[in-house]
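Engineer: So that you have it, the file is my_file04.cif, and it contains mmCIF, N, CA and C atoms:
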```cif
data_my_file
#
loop_
_atom_site.label_atom_id
_atom_site.label_comp_id
_atom_site.auth_asym_id
_atom_site.auth_seq_id
_atom_site.Cartn_x
_atom_site.Cartn_y
_atom_site.Cartn_z
N MET A 4 -112.23 -6.43 1.07
CA MET A 4 -112.15 -5.58 2.24
C MET A 4 -110.74 -4.97 2.30
N THR A 5 -110.65 -3.71 2.65
CA THR A 5 -109.35 -3.04 2.70
C THR A 5 -108.93 -2.82 4.14
N SER A 6 -107.63 -2.82 4.34
CA SER A 6 -107.11 -2.54 5.67
C SER A 6 -106.95 -1.03 5.83
N LYS A 7 -106.76 -0.60 7.06
CA LYS A 7 -106.57 0.84 7.33
C LYS A 7 -105.30 1.34 6.66
N VAL A 8 -104.27 0.49 6.60
CA VAL A 8 -103.01 0.89 5.97
C VAL A 8 -103.24 1.15 4.49
N GLU A 9 -103.98 0.25 3.82
CA GLU A 9 -104.26 0.42 2.40
C GLU A 9 -105.08 1.67 2.15
N GLU A 10 -106.05 1.94 3.02
CA GLU A 10 -106.88 3.13 2.86
C GLU A 10 -106.06 4.40 3.03
N ALA A 11 -104.99 4.33 3.83
CA ALA A 11 -104.17 5.51 4.08
C ALA A 11 -103.17 5.76 2.96
N LEU A 12 -102.94 4.77 2.10
CA LEU A 12 -101.99 4.95 1.01
C LEU A 12 -102.55 5.90 -0.03
N GLY A 13 -101.74 6.86 -0.40
CA GLY A 13 -102.11 7.71 -1.51
C GLY A 13 -101.83 7.00 -2.82
N TYR A 14 -102.34 7.54 -3.90
CA TYR A 14 -102.15 6.92 -5.20
C TYR A 14 -100.66 6.77 -5.53
N GLU A 15 -99.92 7.85 -5.37
CA GLU A 15 -98.50 7.81 -5.74
C GLU A 15 -97.72 6.82 -4.89
N GLN A 16 -98.05 6.74 -3.60
CA GLN A 16 -97.38 5.77 -2.72
C GLN A 16 -97.67 4.35 -3.17
N ALA A 17 -98.92 4.06 -3.44
CA ALA A 17 -99.31 2.72 -3.87
C ALA A 17 -98.67 2.39 -5.21
N ARG A 18 -98.69 3.33 -6.13
CA ARG A 18 -98.09 3.11 -7.45
C ARG A 18 -96.60 2.84 -7.34
N ASP A 19 -95.91 3.64 -6.54
CA ASP A 19 -94.47 3.46 -6.39
C ASP A 19 -94.13 2.12 -5.76
N GLU A 20 -94.90 1.72 -4.75
CA GLU A 20 -94.67 0.42 -4.13
C GLU A 20 -94.98 -0.70 -5.12
N LEU A 21 -96.02 -0.53 -5.91
CA LEU A 21 -96.36 -1.54 -6.92
C LEU A 21 -95.24 -1.68 -7.94
N ILE A 22 -94.66 -0.58 -8.35
CA ILE A 22 -93.52 -0.62 -9.29
C ILE A 22 -92.37 -1.41 -8.68
N GLU A 23 -92.11 -1.20 -7.41
CA GLU A 23 -91.03 -1.91 -6.72
C GLU A 23 -91.35 -3.41 -6.63
N VAL A 24 -92.58 -3.75 -6.35
CA VAL A 24 -93.00 -5.16 -6.28
C VAL A 24 -92.77 -5.83 -7.64
N VAL A 25 -93.21 -5.18 -8.70
CA VAL A 25 -93.04 -5.74 -10.04
C VAL A 25 -91.56 -5.89 -10.37
N ARG A 26 -90.76 -4.89 -10.02
CA ARG A 26 -89.33 -4.96 -10.27
C ARG A 26 -88.71 -6.17 -9.58
N ARG A 27 -89.09 -6.38 -8.32
CA ARG A 27 -88.55 -7.51 -7.57
C ARG A 27 -88.99 -8.84 -8.16
N LEU A 28 -90.24 -8.92 -8.58
CA LEU A 28 -90.73 -10.16 -9.19
C LEU A 28 -90.02 -10.44 -10.51
N GLU A 29 -89.82 -9.41 -11.31
CA GLU A 29 -89.16 -9.58 -12.60
C GLU A 29 -87.68 -9.94 -12.45
N ALA A 30 -87.07 -9.44 -11.38
CA ALA A 30 -85.65 -9.72 -11.15
C ALA A 30 -85.42 -11.18 -10.77
N GLY A 31 -86.43 -11.80 -10.19
CA GLY A 31 -86.30 -13.20 -9.78
C GLY A 31 -85.43 -13.31 -8.53
N GLY A 32 -85.01 -14.54 -8.28
CA GLY A 32 -84.14 -14.77 -7.14
C GLY A 32 -84.86 -14.87 -5.81
N THR A 33 -86.19 -14.88 -5.84
CA THR A 33 -86.95 -15.01 -4.59
C THR A 33 -87.51 -16.43 -4.50
N THR A 34 -87.78 -16.85 -3.30
CA THR A 34 -88.39 -18.16 -3.11
C THR A 34 -89.83 -18.12 -3.59
N LEU A 35 -90.41 -19.28 -3.73
CA LEU A 35 -91.81 -19.36 -4.14
C LEU A 35 -92.69 -18.62 -3.14
N GLU A 36 -92.45 -18.82 -1.86
CA GLU A 36 -93.24 -18.16 -0.82
C GLU A 36 -93.09 -16.64 -0.90
N GLU A 37 -91.87 -16.16 -1.10
CA GLU A 37 -91.65 -14.72 -1.23
C GLU A 37 -92.33 -14.17 -2.48
N SER A 38 -92.24 -14.93 -3.57
CA SER A 38 -92.88 -14.50 -4.82
C SER A 38 -94.39 -14.41 -4.66
N LEU A 39 -94.98 -15.40 -3.99
CA LEU A 39 -96.42 -15.36 -3.76
C LEU A 39 -96.81 -14.17 -2.89
N ALA A 40 -96.03 -13.91 -1.86
CA ALA A 40 -96.31 -12.77 -0.99
C ALA A 40 -96.20 -11.46 -1.77
N LEU A 41 -95.19 -11.35 -2.63
CA LEU A 41 -95.04 -10.15 -3.45
C LEU A 41 -96.22 -10.00 -4.41
N TRP A 42 -96.61 -11.10 -5.03
CA TRP A 42 -97.72 -11.07 -5.96
C TRP A 42 -99.00 -10.63 -5.25
N GLU A 43 -99.25 -11.19 -4.07
CA GLU A 43 -100.45 -10.80 -3.31
C GLU A 43 -100.41 -9.32 -2.95
N ARG A 44 -99.24 -8.84 -2.54
CA ARG A 44 -99.12 -7.41 -2.21
C ARG A 44 -99.35 -6.56 -3.46
N GLY A 45 -98.82 -7.02 -4.58
CA GLY A 45 -99.03 -6.30 -5.84
C GLY A 45 -100.51 -6.21 -6.20
N GLU A 46 -101.25 -7.30 -5.98
CA GLU A 46 -102.69 -7.28 -6.25
C GLU A 46 -103.40 -6.28 -5.35
N GLU A 47 -103.02 -6.23 -4.08
CA GLU A 47 -103.62 -5.27 -3.15
C GLU A 47 -103.31 -3.84 -3.58
N LEU A 48 -102.07 -3.60 -3.96
CA LEU A 48 -101.68 -2.25 -4.38
C LEU A 48 -102.38 -1.84 -5.67
N ALA A 49 -102.54 -2.79 -6.57
CA ALA A 49 -103.26 -2.49 -7.82
C ALA A 49 -104.70 -2.10 -7.52
N LYS A 50 -105.33 -2.76 -6.55
CA LYS A 50 -106.70 -2.41 -6.17
C LYS A 50 -106.77 -1.01 -5.58
N VAL A 51 -105.77 -0.67 -4.76
CA VAL A 51 -105.72 0.68 -4.18
C VAL A 51 -105.61 1.71 -5.30
N CYS A 52 -104.72 1.46 -6.26
CA CYS A 52 -104.56 2.39 -7.38
C CYS A 52 -105.85 2.50 -8.18
N ARG A 53 -106.50 1.37 -8.43
CA ARG A 53 -107.75 1.37 -9.21
C ARG A 53 -108.82 2.17 -8.49
N ARG A 54 -108.92 2.05 -7.16
CA ARG A 54 -109.91 2.82 -6.41
C ARG A 54 -109.64 4.32 -6.54
N TRP A 55 -108.36 4.70 -6.43
CA TRP A 55 -108.01 6.12 -6.58
C TRP A 55 -108.37 6.61 -7.98
N LEU A 56 -108.04 5.83 -9.00
CA LEU A 56 -108.32 6.23 -10.38
C LEU A 56 -109.83 6.28 -10.65
N ASP A 57 -110.56 5.31 -10.11
CA ASP A 57 -112.02 5.32 -10.27
C ASP A 57 -112.63 6.54 -9.59
N GLY A 58 -112.11 6.88 -8.41
CA GLY A 58 -112.59 8.07 -7.71
C GLY A 58 -112.29 9.34 -8.47
N ALA A 59 -111.10 9.41 -9.04
CA ALA A 59 -110.73 10.58 -9.83
C ALA A 59 -111.62 10.69 -11.07
N ARG A 60 -111.89 9.55 -11.71
CA ARG A 60 -112.76 9.54 -12.90
C ARG A 60 -114.17 10.02 -12.52
N ALA A 61 -114.68 9.56 -11.40
CA ALA A 61 -116.02 9.97 -10.96
C ALA A 61 -116.06 11.47 -10.69
N ARG A 62 -115.02 11.99 -10.06
CA ARG A 62 -114.98 13.44 -9.79
C ARG A 62 -114.91 14.23 -11.08
N LEU A 63 -114.10 13.76 -12.02
CA LEU A 63 -113.98 14.43 -13.31
C LEU A 63 -115.31 14.39 -14.06
N ASP A 64 -115.94 13.22 -14.11
CA ASP A 64 -117.23 13.09 -14.77
C ASP A 64 -118.27 14.02 -14.16
N ALA A 65 -118.28 14.11 -12.82
CA ALA A 65 -119.24 14.98 -12.14
C ALA A 65 -118.98 16.45 -12.48
N ALA A 66 -117.71 16.84 -12.51
CA ALA A 66 -117.37 18.23 -12.84
C ALA A 66 -117.76 18.55 -14.28
N LEU A 67 -117.52 17.61 -15.21
CA LEU A 67 -117.87 17.84 -16.60
C LEU A 67 -119.38 17.91 -16.78
N ALA A 68 -120.12 17.07 -16.06
CA ALA A 68 -121.57 17.10 -16.14
C ALA A 68 -122.11 18.42 -15.59
N GLU A 69 -121.53 18.87 -14.50
CA GLU A 69 -121.95 20.14 -13.90
C GLU A 69 -121.69 21.30 -14.87
N GLU A 70 -120.53 21.27 -15.51
CA GLU A 70 -120.19 22.30 -16.48
C GLU A 70 -121.16 22.28 -17.67
N ALA A 71 -121.48 21.08 -18.15
CA ALA A 71 -122.41 20.95 -19.28
C ALA A 71 -123.80 21.47 -18.89
N GLU A 72 -124.24 21.18 -17.67
CA GLU A 72 -125.54 21.67 -17.21
C GLU A 72 -125.56 23.19 -17.13
N ALA A 73 -124.46 23.77 -16.65
CA ALA A 73 -124.38 25.23 -16.55
C ALA A 73 -124.41 25.86 -17.94
N GLU A 74 -123.70 25.26 -18.89
CA GLU A 74 -123.71 25.79 -20.25
C GLU A 74 -125.10 25.68 -20.87
N ALA A 75 -125.76 24.56 -20.63
CA ALA A 75 -127.11 24.37 -21.18
C ALA A 75 -128.07 25.38 -20.56
N ALA A 76 -127.92 25.64 -19.28
CA ALA A 76 -128.79 26.63 -18.62
C ALA A 76 -128.56 28.02 -19.20
N GLN A 77 -127.30 28.36 -19.47
CA GLN A 77 -126.99 29.68 -20.05
C GLN A 77 -127.56 29.79 -21.46
N GLU A 78 -127.43 28.71 -22.23
CA GLU A 78 -127.97 28.73 -23.59
C GLU A 78 -129.49 28.85 -23.55
N GLY A 79 -130.10 28.15 -22.62
CA GLY A 79 -131.55 28.21 -22.47
C GLY A 79 -132.01 29.59 -22.08
N ALA A 80 -131.28 30.24 -21.18
CA ALA A 80 -131.64 31.58 -20.73
C ALA A 80 -131.45 32.58 -21.87
N GLY A 81 -130.44 32.38 -22.70
CA GLY A 81 -130.20 33.27 -23.82
C GLY A 81 -131.25 33.11 -24.90
N ALA A 82 -131.79 31.92 -25.07
CA ALA A 82 -132.82 31.68 -26.09
C ALA A 82 -134.16 32.28 -25.70
N GLU A 83 -134.40 32.43 -24.40
CA GLU A 83 -135.67 33.00 -23.91
C GLU A 83 -135.71 34.50 -24.04
N SER A 84 -134.58 35.16 -24.19
CA SER A 84 -134.55 36.63 -24.25
C SER A 84 -135.09 37.15 -25.54
#
```
Please lay out the structure from this file as structure tokens.
Structural biologist:
Amino acid sequence: MTSKVEEALGYEQARDELIEVVRRLEAGGTTLEESLALWERGEELAKVCRRWLDGARARLDAALAEEAEAEAAQEGAGAES
């Protein structure tokens, strides 16, 4: 389940925040509790990014399918002449 804040995040915002989370985790120096909270936030942000990318892929696939159908219809119409 996603929160309203996560739904409002754009891809670039989520990606940039995820990069910052990873940077902080890699730098170390955080308590176990802070590290766990960062990791959990990173997982949430990764899911947001994945949803955006999946949506973009679906839109691209639909556009390509529509284009292929239009080309097939044109070829079919040309063969009937």
Engineer: Hey, which of A:Gly45, A:Trp55, A:Ala11, A:Ala76 ends up closest to A:Arg27? Count only C-alpha atoms.
Structural biologist: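 Counting only C-alpha atoms, the residue closest to A:Arg27 is A:Gly45.
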Engineer: How many Å lie between atom CA of A:Ala61 and atom CA of A:Glu47, rounded to one decimal?
Structural biologist: 21.1 Å
Engineer: Mind telling me what the PyMOL selection byres ((chain A and resi 52) around 8) catches here, as a count of residues only?
Structural biologist: 18
Engineer: Take atom CA of A:Glu20 and atom CA of A:Thr33 and report the distance between them in Å, one decimal.
Structural biologist: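 These two atoms are separated by 17.3 Å.
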Engineer: What does the distance from atom N of A:Ile22 to atom C of A:Leu41 come to in Å, to one decimal?
Structural biologist: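 Between atom N of A:Ile22 and atom C of A:Leu41 the gap works out to 10.3 Å.
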Engineer: Please determine, counting only C-alpha atoms, which residue among A:Val24, A:Ala80, A:Ala68, A:Ala73 has the shortest atom-to-atom distance to A:Leu39.
Structural biologist: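 Selected residue with least distance to A:Leu39: A:Val24.
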Engineer: Please rebuild stretch 42-53 of chain A with all heavy atoms and return the result as a short mmCIF file (atom, residue, chain, number, x, y, z; two decimals), keeping the file's coordinate frame.
Structural biologist:
```
data_model
loop_
_atom_site.label_atom_id
_atom_site.label_comp_id
_atom_site.auth_asym_id
_atom_site.auth_seq_id
_atom_site.Cartn_x
_atom_site.Cartn_y
_atom_site.Cartn_z
N TRP A 42 -96.61 -11.10 -5.03
CA TRP A 42 -97.72 -11.07 -5.96
C TRP A 42 -99.00 -10.63 -5.25
O TRP A 42 -99.74 -9.78 -5.76
CB TRP A 42 -97.91 -12.45 -6.61
CG TRP A 42 -99.06 -12.47 -7.57
CD1 TRP A 42 -99.08 -12.01 -8.85
CD2 TRP A 42 -100.38 -12.94 -7.30
NE1 TRP A 42 -100.33 -12.19 -9.40
CE2 TRP A 42 -101.15 -12.76 -8.47
CE3 TRP A 42 -100.99 -13.52 -6.18
CZ2 TRP A 42 -102.49 -13.12 -8.55
CZ3 TRP A 42 -102.33 -13.88 -6.27
CH2 TRP A 42 -103.05 -13.68 -7.44
N GLU A 43 -99.25 -11.19 -4.07
CA GLU A 43 -100.45 -10.80 -3.31
C GLU A 43 -100.41 -9.32 -2.95
O GLU A 43 -101.43 -8.62 -3.05
CB GLU A 43 -100.58 -11.66 -2.05
CG GLU A 43 -100.96 -13.09 -2.35
CD GLU A 43 -100.89 -14.01 -1.15
OE1 GLU A 43 -100.24 -13.64 -0.14
OE2 GLU A 43 -101.47 -15.11 -1.22
N ARG A 44 -99.24 -8.84 -2.54
CA ARG A 44 -99.12 -7.41 -2.21
C ARG A 44 -99.35 -6.56 -3.46
O ARG A 44 -100.02 -5.52 -3.40
CB ARG A 44 -97.73 -7.12 -1.61
CG ARG A 44 -97.52 -5.68 -1.21
CD ARG A 44 -98.50 -5.24 -0.16
NE ARG A 44 -98.26 -3.85 0.21
CZ ARG A 44 -99.15 -3.07 0.78
NH1 ARG A 44 -100.32 -3.53 1.12
NH2 ARG A 44 -98.86 -1.83 1.07
N GLY A 45 -98.82 -7.02 -4.58
CA GLY A 45 -99.03 -6.30 -5.84
C GLY A 45 -100.51 -6.21 -6.20
O GLY A 45 -100.99 -5.16 -6.65
N GLU A 46 -101.25 -7.30 -5.98
CA GLU A 46 -102.69 -7.28 -6.25
C GLU A 46 -103.40 -6.28 -5.35
O GLU A 46 -104.27 -5.53 -5.80
CB GLU A 46 -103.28 -8.68 -6.04
CG GLU A 46 -102.91 -9.68 -7.11
CD GLU A 46 -103.54 -9.37 -8.45
OE1 GLU A 46 -104.70 -8.93 -8.49
OE2 GLU A 46 -102.85 -9.56 -9.47
N GLU A 47 -103.02 -6.23 -4.08
CA GLU A 47 -103.62 -5.27 -3.15
C GLU A 47 -103.31 -3.84 -3.58
O GLU A 47 -104.20 -2.98 -3.58
CB GLU A 47 -103.08 -5.50 -1.73
CG GLU A 47 -103.51 -6.79 -1.09
CD GLU A 47 -102.77 -7.07 0.21
OE1 GLU A 47 -101.96 -6.23 0.65
OE2 GLU A 47 -103.00 -8.15 0.77
N LEU A 48 -102.07 -3.60 -3.96
CA LEU A 48 -101.68 -2.25 -4.38
C LEU A 48 -102.38 -1.84 -5.67
O LEU A 48 -102.79 -0.68 -5.81
CB LEU A 48 -100.16 -2.18 -4.56
CG LEU A 48 -99.35 -2.31 -3.27
CD1 LEU A 48 -97.89 -2.60 -3.58
CD2 LEU A 48 -99.49 -1.05 -2.41
N ALA A 49 -102.54 -2.79 -6.57
CA ALA A 49 -103.26 -2.49 -7.82
C ALA A 49 -104.70 -2.10 -7.52
O ALA A 49 -105.25 -1.19 -8.15
CB ALA A 49 -103.19 -3.70 -8.76
N LYS A 50 -105.33 -2.76 -6.55
CA LYS A 50 -106.70 -2.41 -6.17
C LYS A 50 -106.77 -1.01 -5.58
O LYS A 50 -107.70 -0.25 -5.85
CB LYS A 50 -107.25 -3.43 -5.18
CG LYS A 50 -107.57 -4.77 -5.81
CD LYS A 50 -108.04 -5.76 -4.77
CE LYS A 50 -108.20 -7.14 -5.39
NZ LYS A 50 -108.54 -8.15 -4.38
N VAL A 51 -105.77 -0.67 -4.76
CA VAL A 51 -105.72 0.68 -4.18
C VAL A 51 -105.61 1.71 -5.30
O VAL A 51 -106.35 2.71 -5.33
CB VAL A 51 -104.54 0.82 -3.19
CG1 VAL A 51 -104.34 2.27 -2.78
CG2 VAL A 51 -104.76 -0.06 -1.97
N CYS A 52 -104.72 1.46 -6.26
CA CYS A 52 -104.56 2.39 -7.38
C CYS A 52 -105.85 2.50 -8.18
O CYS A 52 -106.26 3.59 -8.56
CB CYS A 52 -103.42 1.93 -8.29
SG CYS A 52 -101.77 2.13 -7.56
N ARG A 53 -106.50 1.37 -8.43
CA ARG A 53 -107.75 1.37 -9.21
C ARG A 53 -108.82 2.17 -8.49
O ARG A 53 -109.56 2.94 -9.12
CB ARG A 53 -108.22 -0.07 -9.44
CG ARG A 53 -109.56 -0.21 -10.10
CD ARG A 53 -109.72 0.45 -11.45
NE ARG A 53 -108.69 0.03 -12.38
CZ ARG A 53 -108.36 0.71 -13.46
NH1 ARG A 53 -108.97 1.84 -13.75
NH2 ARG A 53 -107.42 0.29 -14.26
#
```
